[in-house]
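Written below as structure tokens is the structure these notes are about.
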Amino acid sequence: MELDLRTAMRHFATGVGVVSTWAPEPGVRGGRRHDAITVNSLIPVSYDPPLVALSLRHGSAFLADLLEARRWGVSILAADGADTARLLARSRESRTEALRTLSAVPGRHTGALLFDGPGWLECALTDSFTVGDHLMVIGTVLATGVRPPQDPLVFLHGSLTPATTP
Ligand SMILES: Cc1cc2nc3c(=O)[nH]c(=O)nc-3n(C[C@H](O)[C@H](O)[C@H](O)COP(=O)(O)O)c2cc1C
């Protein structure tokens, strides 16, 4: 049997989030260059202590910043966040441009940008290990927040799909 992991996993629906971090950059406003990418690999791995995992591709420019800052934010996207998800899945140059217009505020515990959506986390790097071509990063959750529930954004069959809840 031919092994085609990507095709099989297209049938596994996930939520969609934005992970954000920053790098020091003297000369820019606030002394930080922010970056954010779209992810669907977020997993809550422990509640006591509160830990989450993310799987990030080795060689990613975003990952290099995250490992340096050791702090990141996660924003869970709602059904109306598909455009944000598309913009933040592009090259770093495009993402930097998009961040000029997207609505986001720096989190109090990490300084990482938090975006519109029904929930957010602020995390500190606790562990990381290579798993094939990705690095699994484990974060201690420093703070969480929720806003009123909204219909979720779902990644399924290779598409960002607004879903409706009963
Ligand atoms: C729905 C969706 C989910 C994604 N999930 C991940 C993920 O979990 N991990 C990852 O490394 N990249 C993921 N990506 C790709 C990133 O958004 C981004 O394109 C990539 O990390 C940018 O690499 P760079 O930092 O080298 O520019 C996802 C993209 C999409 C559209």
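Ligands are numbered from 1 in the order shown, residues from 1 within each chain, and chains are lettered A, B, ... in the order they appear in the structure tokens.
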Practice prompt. List the neighbours of Glu97 in chain A out to 12 Å using only C-alpha atoms; skip same-chain residues closer than 5 positions along the sequence, and give me the result as a PyMOL selection string.
Written response: chain A and resi 33-36+87-88+90-92+102
Worksheet entry | Nearby polymer residues, ligand 1, at most 6 Å, only C-alpha atoms and all ligand atoms, as a list in words |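 If we count only C-alpha atoms and all ligand atoms, the neighbours of ligand 1 turn out to be Ile37, Thr38, Val39, Asn40, Ser41, Ser55, Leu56, Arg57, Ser60, Ala61, Phe62, Leu88, Ala89, Arg90, Ser91, Arg92 and Phe155 of chain A.
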Worksheet entry | Å distance separating CA of Asp151 in chain A from CA of Ala112 in chain A, one decimal place |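 About the pair CA of Asp151 in chain A and CA of Ala112 in chain A: they are 24.6 Å apart.
Distances to Ala98 in chain A were evaluated for A:Val154, A:Thr110, A:Asp83, A:Asp48 using only C-alpha atoms, and the minimum falls at A:Asp83.
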Worksheet item: Just asking: which residues within chain A are strand (DSSP E or B) according to DSSP, as a count of residues only?
Response: 79
Worksheet item: For Leu77 in chain A, which residue out of A:Val105, A:Val16, A:Val131, A:Leu113 is the nearest one, using only C-alpha atoms?
Response: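 Closest candidate: A:Val16.
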Worksheet item: In range 88-131 of chain A, what's helix (DSSP H, G or I) per DSSP? Answer as a list of chain:residue names?
Response: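 Selection result, helix (DSSP H, G or I) within range 88-131 of chain A: A:Arg92, A:Glu93, A:Ser94, A:Arg95, A:Thr96, A:Glu97, A:Ala98, A:Leu99.
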Fill in: Residue nearest Ala104 in chain A - candidates A:Met9, A:Ala69, A:Val19, A:Ala53, atoms counted: only C-alpha atoms
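Counting only C-alpha atoms, the residue closest to Ala104 in chain A is A:Val19.
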Worksheet item: In Å to one decimal, how far is CA of Arg70 in chain A from CA of Asp127 in chain A?
Response: 9.9 Å
Practice prompt. Can you work out which one of A:His11, A:Arg71, A:His58, A:Arg100 has the shortest atom-to-atom distance to Ala124 in chain A, counting only C-alpha atoms?
Written response: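 With only C-alpha atoms as the atom set, the closest residue is A:Arg71.
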Discussion item. Could you tell me how far CA of Gly119 in chain A sits from CA of Leu142 in chain A, in Å to one decimal place?
Written reply: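 That distance, rounded to one decimal, is 13.9 Å.
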Discussion item. Let me make sure I understand: among A:Ala82, A:Val52, A:Val18, A:Phe12, which one has the smallest atom-to-atom distance to Leu114 in chain A if we use only C-alpha atoms?
Written reply: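 Smallest distance to Leu114 in chain A is found for A:Val18.
Distance annotation: of A:Ala13, A:Ile43, A:Cys123, A:Ile138, the residue with the minimal separation from Ala163 in chain A is A:Ala13; atom set is only C-alpha atoms.
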